Structures are given as C-alpha cells and as structure tokens.
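J.: Sharing final.txt below, compact mmCIF, C-alpha atoms:
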```
# COMPACT_ATOMS: atom_id res chain seq x y z
CA MET A 1 130.13 166.29 72.63
CA VAL A 2 131.71 163.55 70.54
CA GLY A 3 135.19 162.58 71.74
CA ILE A 4 138.09 162.42 69.30
CA ALA A 5 140.95 159.93 69.40
CA ILE A 6 144.03 160.45 67.24
CA VAL A 7 146.04 157.33 66.43
CA SER A 8 149.48 157.60 64.88
CA HIS A 9 152.73 155.64 64.67
CA SER A 10 154.39 158.73 66.08
CA CYS A 11 153.79 160.12 69.55
CA LYS A 12 154.80 163.59 68.35
CA LEU A 13 152.47 163.45 65.36
CA ALA A 14 149.48 162.30 67.42
CA GLU A 15 150.09 165.00 70.01
CA GLY A 16 150.64 167.59 67.30
CA VAL A 17 147.37 166.74 65.61
CA GLU A 18 145.65 166.91 68.98
CA GLU A 19 147.23 170.32 69.63
CA ILE A 20 146.23 171.73 66.25
CA SER A 21 142.66 170.40 66.56
CA ARG A 22 142.22 172.04 69.97
CA MET A 23 142.77 175.46 68.37
CA MET A 24 139.23 175.49 67.02
CA SER A 25 137.29 173.25 69.36
CA ASN A 26 136.68 172.42 72.98
CA ALA A 27 135.80 168.80 72.18
CA PRO A 28 137.52 166.11 74.28
CA ILE A 29 140.56 164.98 72.25
CA ALA A 30 143.09 162.28 73.14
CA ALA A 31 146.26 161.19 71.37
CA ALA A 32 147.46 157.59 71.05
CA GLY A 33 150.84 157.83 69.37
CA GLY A 34 153.78 155.45 69.26
CA LEU A 35 154.59 152.57 71.55
CA GLU A 36 154.84 152.56 75.35
CA ASP A 37 158.58 153.29 75.22
CA GLY A 38 158.04 156.25 72.88
CA SER A 39 159.33 154.46 69.77
CA LEU A 40 157.40 154.41 66.49
CA GLY A 41 154.50 151.99 66.22
CA THR A 42 150.91 151.53 67.28
CA SER A 43 149.84 150.35 70.70
CA TYR A 44 146.61 148.46 71.33
CA GLU A 45 146.66 149.62 74.97
CA LYS A 46 147.27 153.28 74.13
CA ILE A 47 144.48 153.32 71.54
CA SER A 48 142.09 151.61 73.90
CA ALA A 49 142.97 154.02 76.74
CA ALA A 50 142.64 157.09 74.48
CA ILE A 51 139.16 156.06 73.33
CA GLU A 52 138.04 155.34 76.90
CA SER A 53 139.41 158.70 78.10
CA VAL A 54 137.24 160.72 75.67
CA TYR A 55 134.24 158.39 75.68
CA SER A 56 130.79 159.60 76.65
CA ALA A 57 127.27 158.66 75.63
CA ASP A 58 127.74 160.99 72.63
CA GLY A 59 130.33 158.58 71.25
CA VAL A 60 133.82 158.84 69.83
CA VAL A 61 135.37 159.24 66.39
CA VAL A 62 138.83 157.77 65.78
CA LEU A 63 141.32 159.03 63.20
CA MET A 64 144.34 156.95 62.19
CA ASP A 65 147.44 157.55 60.09
CA MET A 66 147.85 154.21 58.25
CA GLY A 67 148.62 150.50 58.22
CA SER A 68 148.86 149.07 61.70
CA ALA A 69 147.22 152.19 63.15
CA VAL A 70 144.08 151.30 61.18
CA MET A 71 144.23 147.55 61.82
CA THR A 72 144.99 147.87 65.52
CA THR A 73 142.17 150.38 65.97
CA GLU A 74 139.83 147.93 64.23
CA MET A 75 140.80 145.26 66.75
CA VAL A 76 140.36 147.64 69.69
CA LEU A 77 136.85 148.49 68.47
CA GLU A 78 135.96 144.82 68.00
CA ASP A 79 136.90 144.16 71.63
CA LEU A 80 135.58 147.42 73.08
CA ASP A 81 132.12 147.00 74.49
CA ARG A 82 131.01 150.54 73.59
CA PRO A 83 128.39 151.67 71.10
CA ASN A 84 128.80 154.73 68.91
CA VAL A 85 132.56 154.58 68.23
CA VAL A 86 133.34 155.25 64.58
CA MET A 87 136.59 155.14 62.57
CA LEU A 88 137.05 158.00 60.11
CA ASP A 89 138.56 157.41 56.67
CA CYS A 90 140.18 160.76 55.93
CA PRO A 91 143.45 162.75 55.97
CA LEU A 92 144.66 162.90 59.56
CA VAL A 93 145.23 166.64 60.03
CA GLU A 94 142.38 168.08 57.98
CA GLY A 95 140.02 165.37 59.16
CA ALA A 96 140.87 165.91 62.83
CA ILE A 97 140.30 169.66 62.65
CA LEU A 98 137.00 169.20 60.86
CA ALA A 99 135.91 166.45 63.27
CA ALA A 100 136.79 168.64 66.28
CA VAL A 101 134.82 171.57 64.89
CA GLU A 102 131.82 169.40 64.04
CA SER A 103 131.92 167.80 67.47
CA SER A 104 131.71 171.30 69.00
CA ASN A 105 128.77 171.92 66.66
CA GLY A 106 126.96 169.03 68.30
CA LYS A 107 127.12 166.53 65.45
CA THR A 108 126.93 162.77 66.04
CA PRO A 109 129.77 160.34 65.15
CA THR A 110 127.89 159.18 62.04
CA GLU A 111 127.28 162.75 60.91
CA ILE A 112 130.95 163.58 61.50
CA ALA A 113 131.99 160.51 59.48
CA LYS A 114 129.90 161.76 56.56
CA LEU A 115 131.17 165.35 56.86
CA VAL A 116 134.88 164.49 57.03
CA GLU A 117 134.59 162.64 53.73
CA GLN A 118 134.84 166.05 52.09
CA SER A 119 138.31 166.55 53.61
CA ARG A 120 139.53 163.75 51.32
CA THR A 121 139.12 165.92 48.25
CA THR A 122 139.64 169.39 49.69
CA LYS A 123 142.42 171.10 47.74
CA LYS A 124 145.05 173.24 49.42
CA PHE A 125 145.52 175.50 46.40
CA MET B 1 147.37 114.29 64.62
CA VAL B 2 148.79 117.33 66.42
CA ASN B 3 148.46 117.65 70.20
CA SER B 4 148.59 120.69 72.46
CA LYS B 5 152.14 119.86 73.56
CA GLN B 6 153.24 120.09 69.94
CA ILE B 7 151.39 123.38 69.51
CA ILE B 8 153.28 124.79 72.52
CA ALA B 9 156.53 123.48 71.00
CA ILE B 10 155.66 125.08 67.64
CA VAL B 11 154.98 128.47 69.22
CA ALA B 12 158.20 128.29 71.26
CA ALA B 13 160.17 127.33 68.14
CA ILE B 14 158.62 130.19 66.15
CA ALA B 15 159.62 132.61 68.93
CA LYS B 16 163.19 131.31 68.75
CA ARG B 17 163.24 131.54 64.95
CA MET B 18 161.91 135.12 64.94
CA GLU B 19 164.66 136.14 67.35
CA LEU B 20 167.22 134.46 65.08
CA GLU B 21 165.87 136.16 61.94
CA LYS B 22 165.29 139.54 63.56
CA ASN B 23 168.11 141.35 61.80
CA PHE B 24 167.51 139.78 58.40
CA LEU B 25 163.77 140.56 58.45
CA THR B 26 164.52 144.10 59.52
CA GLU B 27 167.07 144.46 56.70
CA LEU B 28 164.45 143.31 54.20
CA ASP B 29 161.98 145.80 55.65
CA ASN B 30 164.58 148.58 55.49
CA GLU B 31 164.64 148.09 51.71
CA ILE B 32 160.93 148.51 51.05
CA GLY B 33 159.17 149.31 54.32
CA ASP B 34 159.66 151.06 57.62
CA GLY B 35 162.43 148.80 58.84
CA ASP B 36 160.78 147.34 61.88
CA HIS B 37 159.40 143.94 60.85
CA GLY B 38 162.08 141.82 62.53
CA ILE B 39 162.29 143.99 65.63
CA ASN B 40 158.51 144.00 66.02
CA LEU B 41 158.06 140.26 65.57
CA SER B 42 160.91 139.47 67.88
CA ARG B 43 159.45 141.77 70.56
CA GLY B 44 156.00 140.20 70.15
CA PHE B 45 157.15 136.58 70.22
CA LYS B 46 159.52 137.24 73.12
CA SER B 47 156.50 138.36 75.08
CA VAL B 48 154.56 135.28 73.90
CA GLN B 49 157.43 133.05 74.97
CA GLU B 50 157.46 134.52 78.46
CA LYS B 51 153.76 133.75 78.91
CA LEU B 52 153.83 130.36 77.16
CA PRO B 53 154.64 128.29 80.30
CA THR B 54 151.39 129.52 81.90
CA TRP B 55 149.35 128.21 78.97
CA THR B 56 150.63 124.61 78.82
CA ASP B 57 147.53 123.15 80.50
CA LYS B 58 145.12 124.96 78.15
CA ASP B 59 143.33 123.57 75.11
CA ILE B 60 144.74 124.37 71.67
CA GLY B 61 142.05 126.96 70.96
CA THR B 62 142.94 128.92 74.09
CA ILE B 63 146.69 128.66 73.46
CA LEU B 64 146.37 130.02 69.92
CA LYS B 65 143.96 132.75 70.98
CA ASN B 66 146.34 133.84 73.76
CA VAL B 67 149.25 133.92 71.31
CA GLY B 68 147.21 136.12 68.98
CA MET B 69 146.13 138.52 71.71
CA GLU B 70 149.67 138.82 73.01
CA LEU B 71 150.95 139.63 69.49
CA VAL B 72 148.29 142.30 69.02
CA SER B 73 149.30 143.98 72.27
CA THR B 74 153.05 143.81 71.88
CA VAL B 75 154.16 143.82 68.22
CA GLY B 76 153.42 147.48 67.46
CA GLY B 77 153.47 147.20 63.65
CA ALA B 78 151.16 145.80 60.98
CA SER B 79 152.34 142.27 61.66
CA GLY B 80 150.73 142.53 65.13
CA PRO B 81 147.11 142.77 64.04
CA LEU B 82 147.79 140.53 61.01
CA TYR B 83 149.48 137.59 62.74
CA GLY B 84 147.43 138.32 65.87
CA THR B 85 144.19 137.87 63.91
CA ALA B 86 145.63 134.77 62.21
CA PHE B 87 146.37 133.04 65.52
CA MET B 88 143.05 134.14 67.05
CA LYS B 89 141.04 132.87 64.06
CA ALA B 90 142.94 129.57 64.12
CA GLY B 91 142.17 129.42 67.85
CA ASN B 92 138.46 129.77 67.15
CA VAL B 93 138.53 126.65 64.99
CA CYS B 94 140.38 124.65 67.67
CA LYS B 95 138.19 125.73 70.58
CA GLY B 96 138.16 123.10 73.35
CA LYS B 97 140.43 120.70 71.45
CA THR B 98 143.56 119.11 72.88
CA GLU B 99 144.28 117.21 69.68
CA LEU B 100 143.88 118.19 66.05
CA THR B 101 143.18 115.79 63.22
CA ASP B 102 144.85 116.62 59.91
CA ALA B 103 141.52 118.07 58.80
CA ASP B 104 141.34 120.24 61.95
CA PHE B 105 144.89 121.42 61.38
CA THR B 106 144.08 122.34 57.78
CA ALA B 107 140.90 124.13 58.86
CA ALA B 108 142.86 126.08 61.49
CA PHE B 109 145.47 127.14 58.94
CA GLY B 110 142.67 128.08 56.54
CA ALA B 111 141.05 130.26 59.21
CA ALA B 112 144.41 131.89 59.95
CA VAL B 113 144.97 132.81 56.31
CA GLY B 114 141.37 134.02 56.06
CA GLY B 115 142.04 136.20 59.11
CA VAL B 116 145.06 137.83 57.45
CA GLN B 117 143.00 138.51 54.31
CA MET B 118 140.16 139.99 56.33
CA ARG B 119 142.35 142.17 58.55
CA GLY B 120 144.64 143.37 55.76
CA LYS B 121 141.85 143.65 53.18
CA ALA B 122 144.36 142.08 50.84
CA VAL B 123 144.54 139.32 48.26
CA GLU B 124 147.36 137.29 46.71
CA GLY B 125 149.68 139.15 44.35
CA GLU B 126 150.01 142.40 46.32
CA LYS B 127 153.47 141.58 47.73
CA THR B 128 152.40 140.67 51.24
CA MET B 129 152.51 137.70 53.58
CA LEU B 130 149.57 136.30 51.62
CA ASP B 131 151.90 135.53 48.70
CA ALA B 132 153.50 132.91 50.94
CA LEU B 133 150.42 131.91 52.93
CA CYS B 134 147.86 131.39 50.13
CA PRO B 135 149.97 129.01 48.00
CA ALA B 136 150.95 127.16 51.18
CA LEU B 137 147.32 126.74 52.19
CA LYS B 138 146.40 125.50 48.73
CA ALA B 139 149.20 122.92 48.78
CA LEU B 140 148.25 121.78 52.27
CA ARG B 141 144.56 121.41 51.37
CA ASP B 142 145.26 119.58 48.10
CA ASP B 143 147.60 117.12 49.80
CA ILE B 144 145.36 116.43 52.80
CA ASP B 145 142.35 116.01 50.48
CA SER B 146 144.26 113.47 48.43
CA GLY B 147 145.18 111.46 51.53
CA ARG B 148 148.79 112.40 52.04
CA THR B 149 150.26 112.64 55.54
CA LEU B 150 150.44 115.94 57.41
CA ILE B 151 154.23 115.99 57.17
CA GLU B 152 154.11 115.40 53.41
CA ALA B 153 151.46 118.08 53.06
CA MET B 154 153.37 120.60 55.19
CA THR B 155 156.53 119.87 53.18
CA ASP B 156 154.66 120.83 50.02
CA ALA B 157 153.14 123.83 51.80
CA VAL B 158 156.60 125.09 52.79
CA ASP B 159 157.85 124.60 49.21
CA ALA B 160 154.87 126.56 47.90
CA ALA B 161 155.48 129.34 50.43
CA ALA B 162 159.16 129.52 49.44
CA LYS B 163 158.16 129.89 45.79
CA GLY B 164 155.71 132.57 46.88
CA VAL B 165 158.49 134.49 48.60
CA GLU B 166 160.58 134.30 45.40
CA PHE B 167 157.54 135.53 43.45
CA THR B 168 157.28 138.62 45.66
CA LYS B 169 160.64 139.77 44.24
CA THR B 170 159.06 140.07 40.81
CA ILE B 171 155.98 142.13 41.64
CA VAL B 172 155.07 145.67 42.63
CA ALA B 173 153.74 146.20 46.13
CA THR B 174 150.17 147.50 46.19
CA LYS B 175 149.43 146.95 49.91
CA GLY B 176 151.32 148.01 53.00
CA ARG B 177 154.10 150.53 53.40
CA ALA B 178 156.00 149.22 50.36
CA ALA B 179 153.13 150.39 48.12
CA TYR B 180 154.49 153.94 48.52
CA LEU B 181 157.58 152.83 46.58
CA GLY B 182 155.62 151.56 43.58
CA GLU B 183 157.94 150.18 40.86
CA ARG B 184 160.93 150.58 43.14
CA SER B 185 159.63 147.71 45.26
CA ILE B 186 160.39 145.27 42.42
CA GLY B 187 163.50 143.17 43.02
CA HIS B 188 163.02 143.00 46.77
CA GLN B 189 161.46 140.07 48.59
CA ASP B 190 158.61 140.90 50.90
CA PRO B 191 159.49 140.79 54.61
CA GLY B 192 155.98 139.66 55.61
CA ALA B 193 155.98 136.78 53.12
CA THR B 194 159.44 135.87 54.41
CA SER B 195 158.38 135.77 58.08
CA SER B 196 155.35 133.67 57.07
CA LEU B 197 157.68 131.22 55.32
CA TYR B 198 159.85 131.01 58.45
CA MET B 199 156.81 130.24 60.59
CA LEU B 200 155.68 127.46 58.23
CA GLN B 201 159.20 126.01 58.09
CA THR B 202 159.24 126.00 61.88
CA VAL B 203 155.87 124.21 62.06
CA LEU B 204 157.23 121.52 59.74
CA GLU B 205 160.46 121.13 61.72
CA VAL B 206 158.57 120.58 64.97
CA LEU B 207 156.09 118.15 63.37
CA LYS B 208 159.00 116.13 61.97
CA ARG B 209 160.79 116.15 65.30
CA ASP B 210 157.95 114.80 67.42
```
Turn the structure described in the file into structure tokens.
T.:
Amino acid sequence: MVGIAIVSHSCKLAEGVEEISRMMSNAPIAAAGGLEDGSLGTSYEKISAAIESVYSADGVVVLMDMGSAVMTTEMVLEDLDRPNVVMLDCPLVEGAILAAVESSNGKTPTEIAKLVEQSRTTKKF
Amino acid sequence: MVNSKQIIAIVAAIAKRMELEKNFLTELDNEIGDGDHGINLSRGFKSVQEKLPTWTDKDIGTILKNVGMELVSTVGGASGPLYGTAFMKAGNVCKGKTELTDADFTAAFGAAVGGVQMRGKAVEGEKTMLDALCPALKALRDDIDSGRTLIEAMTDAVDAAAKGVEFTKTIVATKGRAAYLGERSIGHQDPGATSSLYMLQTVLEVLKRD
C-alpha cells in the first residue's frame, strides 16, 4: 500500500488531516507538522522522517499545505535516495482523504497523483 | 579576488546582521506575511554561526554548501529552502576553490539567484527577494563585464538592490504568503527583498574591510 505523508506548517493541522484520513483507510499515514519545538513552520527533518516511516516498495505520496512546506518537501525528495515518492498538488484535506482511499484500493503513487487532481475542482455545494 | 577566509567572514557578518535585524524583518513580515521572517532567519544563521568554526579549513564550495544545508534544516519558513538553495547552488560553482576571481564571484552570485528562481518558481516583479536580487545581479554582471573592480561592482549591486526594495512597496504580491492580501500588499516593502539587501550590504562591508 502506498504510504501517505502530510506536511503542514501546523503540527495540529498535520495530525488532524492524518486523523481524518484514517477514518476511511488503513494506509500507512504519517504527519510532519510544525517545527521541532512545536511552533509553526516546516521541518526538513520531520518531513524526511515522516516519508521514511511510511515508505515501502509501493512508494509514498506527499501532501503539503503551502509555501515552505512545498519547497522543503522538494528539497527532501531531491536528497532522498528513494524511488516512487510523489508530491501531490491538491487541497490538503480532500486530497489526503482521496489519496488514503486510493492507496487502500491498491493504486500506485502516479495513479493517485492523477486521481487527486479531481479534488482540486470538487465543489462542496 | 575573494578567499575562503573572507567567505567565512561574510557568513559570520550576515549571521550578526540577521540577528540585529530580526525584529525589523519580523515587523515587515507581520504587515504582509506570517510574521516569522526575522525570527526564522535569525534562528537559521545562529545555527550556521555555531557550526562555522568547524568549516574554516574547507574550500569555498563546501563552506557555502554547508551554509545552505544548515539553513534548510533550521530556518523553518520559506526563506530556508530559498536561501538554502541559493547558498548550495553558489557552492556548486565554487567547488574545490579556495579563492574566487571576480568572474567566479559573479558566477556564484548568478547561480544563487538562479537557485532562488528555481526553488520559488518566481520571477522579478512578484514582490519577493528576487526584486532585490535580480537587479543586483544585473548591476554586478554589467560592472564586472566592463572591467570595474569587485568593490565598485558590489556597490552598484547594493544600490540596485536598495532600489528594488523600494520598488516592492509599489507592487502587488503575487508569490508567497503576501499574495493572499492582493492589493492590500501595496505600500509595504517585501521582507524577503529586504533581507536580501541586508545580505548584499554585508558582503560589500566585509569586502571593503579586508
């Protein structure tokens, strides 16, 4: 099953997204939120550790909130010597739920990346 | 000519300057961003400064790469990957060198600015650090190409960066957190462009001193 890493400036947000995604999936999910001291920000080490913790040969998809979360994840992936790790460009909550479900369905990281694109335009009402 | 001792001195002086400007940069960021620019840079450079003594015997490429990696791991905001990439890309150009010619120095600065553009997927005119860095790079290149000294060229580069910072007051932010404010970002100077100006001013001060 594809692992899922949630990257956010906020520890609470990352953990919350993880929690909500677990409701519908048994995929391995890890949160990388905030800095080491719990303050707001993005941590290279936390992101790297989260990806490693859910990594398997099936790969990992990473979801980010914005700004430094995206750029720091990019740098982690450039340094990480792992194939099959894909960043998803989508809304964090909807994308994470969809990614978790599709991971349970046995999809690959590339397939998940394609599928979550639809969460960008999904309307709430 | 710039040697590795001067590079160490430049990095140490930048760390000192970032600590000094911490509150002002954070105030600027409070206006149009998430209010952490000064705090983040000061945290990152403090960490760089602590490690700096262990890098004094390294070549310039390694020193700059180490600075960049340290910033990426410790800054915690967008300036971490942006300045981190800048220093790492500059380090690539200076690999194995213990002395930089004016052309090497210009190439390193060019690679740094290219790194910021690549990492931020940004261009000039979006109210970011590039509005200070791009005009500075152009001034530096023009001056070095026309045979002026490095100090003359850096003086012009700093002037161009300062004008760039002033220019950021007049434009709408379209990149970074300030983009959420749209028109309301007009009238405020960009914190990233400001910290870039401070770094360039610090480079010039150290070059003049030694």
J.: Considering only C-alpha atoms, tabulate each residue of chain B that lies at most 12 Å from chain A along with its nearest interatomic pair and the corresponding distance in Å to one decimal; arrange the rows by chain and ascending residue number and present them as a Markdown table.
T.:
```
| residue | atom | partner | partner_atom | distance |
| --- | --- | --- | --- | --- |
| B:Gly33 | CA | A:Gly67 | CA | 11.3 |
| B:Asp34 | CA | A:Leu40 | CA | 9.7 |
| B:Gly35 | CA | A:Leu40 | CA | 10.7 |
| B:Asp36 | CA | A:Gly41 | CA | 8.9 |
| B:His37 | CA | A:Gly41 | CA | 10.8 |
| B:Ile39 | CA | A:Gly41 | CA | 11.2 |
| B:Asn40 | CA | A:Gly41 | CA | 8.9 |
| B:Arg43 | CA | A:Leu35 | CA | 11.9 |
| B:Gly44 | CA | A:Ser43 | CA | 11.9 |
| B:Gly68 | CA | A:Met75 | CA | 11.4 |
| B:Met69 | CA | A:Met75 | CA | 9.9 |
| B:Glu70 | CA | A:Tyr44 | CA | 10.3 |
| B:Leu71 | CA | A:Tyr44 | CA | 10.0 |
| B:Val72 | CA | A:Tyr44 | CA | 6.8 |
| B:Ser73 | CA | A:Tyr44 | CA | 5.3 |
| B:Thr74 | CA | A:Ser43 | CA | 7.4 |
| B:Val75 | CA | A:Ser43 | CA | 8.2 |
| B:Gly76 | CA | A:Thr42 | CA | 4.8 |
| B:Gly77 | CA | A:Ser68 | CA | 5.3 |
| B:Ala78 | CA | A:Ser68 | CA | 4.1 |
| B:Ser79 | CA | A:Ser68 | CA | 7.6 |
| B:Gly80 | CA | A:Ser68 | CA | 7.6 |
| B:Pro81 | CA | A:Thr72 | CA | 5.7 |
| B:Leu82 | CA | A:Met71 | CA | 7.9 |
| B:Tyr83 | CA | A:Met71 | CA | 11.3 |
| B:Gly84 | CA | A:Met75 | CA | 9.6 |
| B:Thr85 | CA | A:Met75 | CA | 8.6 |
| B:Met88 | CA | A:Met75 | CA | 11.3 |
| B:Gly115 | CA | A:Met71 | CA | 11.9 |
| B:Val116 | CA | A:Met71 | CA | 10.7 |
| B:Gln117 | CA | A:Met71 | CA | 11.8 |
| B:Met118 | CA | A:Met71 | CA | 10.2 |
| B:Arg119 | CA | A:Met71 | CA | 6.6 |
| B:Gly120 | CA | A:Met71 | CA | 7.4 |
| B:Lys121 | CA | A:Met71 | CA | 9.8 |
| B:Ala122 | CA | A:Gly67 | CA | 12.0 |
| B:Lys175 | CA | A:Gly67 | CA | 9.1 |
| B:Gly176 | CA | A:Gly67 | CA | 6.4 |
| B:Arg177 | CA | A:Gly67 | CA | 7.3 |
| B:Ala178 | CA | A:Gly67 | CA | 10.9 |
| B:Ala179 | CA | A:Gly67 | CA | 11.1 |
| B:Tyr180 | CA | A:Met66 | CA | 11.8 |
```
J.: What lies within 10 Å of Asp210 of chain B using all atoms listed in the file, ignoring chain neighbours under 2 positions off, as a PyMOL selection string?
T.: chain B and resi 2+5-6+9+205-208
J.: Next, the residues of the selection above should be written as a JSON list (two decimals), keeping the file's coordinate frame with C-alpha atoms.
T.:
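Contents of the output file selection_28.json:
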```
[["chain", "number", "residue", "atom", "x", "y", "z"],
["B", 2, "VAL", "CA", 148.79, 117.33, 66.42],
["B", 5, "LYS", "CA", 152.14, 119.86, 73.56],
["B", 6, "GLN", "CA", 153.24, 120.09, 69.94],
["B", 9, "ALA", "CA", 156.53, 123.48, 71.00],
["B", 205, "GLU", "CA", 160.46, 121.13, 61.72],
["B", 206, "VAL", "CA", 158.57, 120.58, 64.97],
["B", 207, "LEU", "CA", 156.09, 118.15, 63.37],
["B", 208, "LYS", "CA", 159.00, 116.13, 61.97]]
```
J.: For Ile20 of chain A, which of A:Ile6, A:Leu80, A:Met1, A:Leu115 is the closest residue, counting all atoms listed in the file?
T.: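 The shortest atom-to-atom distance to Ile20 of chain A comes from A:Ile6.
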J.: Grab the atom CA of Lys127 of chain B to atom CA of Ala160 of chain B distance for me, in Å with one decimal place.
T.: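 Result for atom CA of Lys127 of chain B versus atom CA of Ala160 of chain B: 15.1 Å, one decimal.
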J.: Taking (149.8, 120.6, 46.1) in the file's coordinates, which residues come within 12 Å, counting all atoms listed in the file, written as a VMD selection string?
T.: chain B and resid 134 to 148 152 to 161
J.: Please provide the set of residues having any atom within 6 Å of segment 60-62 of chain B, restricted to only C-alpha atoms, with same-chain residues fewer than 6 positions apart removed, written as number ranges by chain.
T.: B: 4, 91-92, 94-98
J.: Store the residues picked out above, limited to C-alpha atoms, as an mmCIF file, in the coordinates of the input.
T.:
```cif
data_model
loop_
_atom_site.group_PDB
_atom_site.id
_atom_site.type_symbol
_atom_site.label_atom_id
_atom_site.label_comp_id
_atom_site.auth_asym_id
_atom_site.auth_seq_id
_atom_site.Cartn_x
_atom_site.Cartn_y
_atom_site.Cartn_z
ATOM 1 C CA SER B 4 148.590 120.690 72.460
ATOM 2 C CA GLY B 91 142.170 129.420 67.850
ATOM 3 C CA ASN B 92 138.460 129.770 67.150
ATOM 4 C CA CYS B 94 140.380 124.650 67.670
ATOM 5 C CA LYS B 95 138.190 125.730 70.580
ATOM 6 C CA GLY B 96 138.160 123.100 73.350
ATOM 7 C CA LYS B 97 140.430 120.700 71.450
ATOM 8 C CA THR B 98 143.560 119.110 72.880
#
```
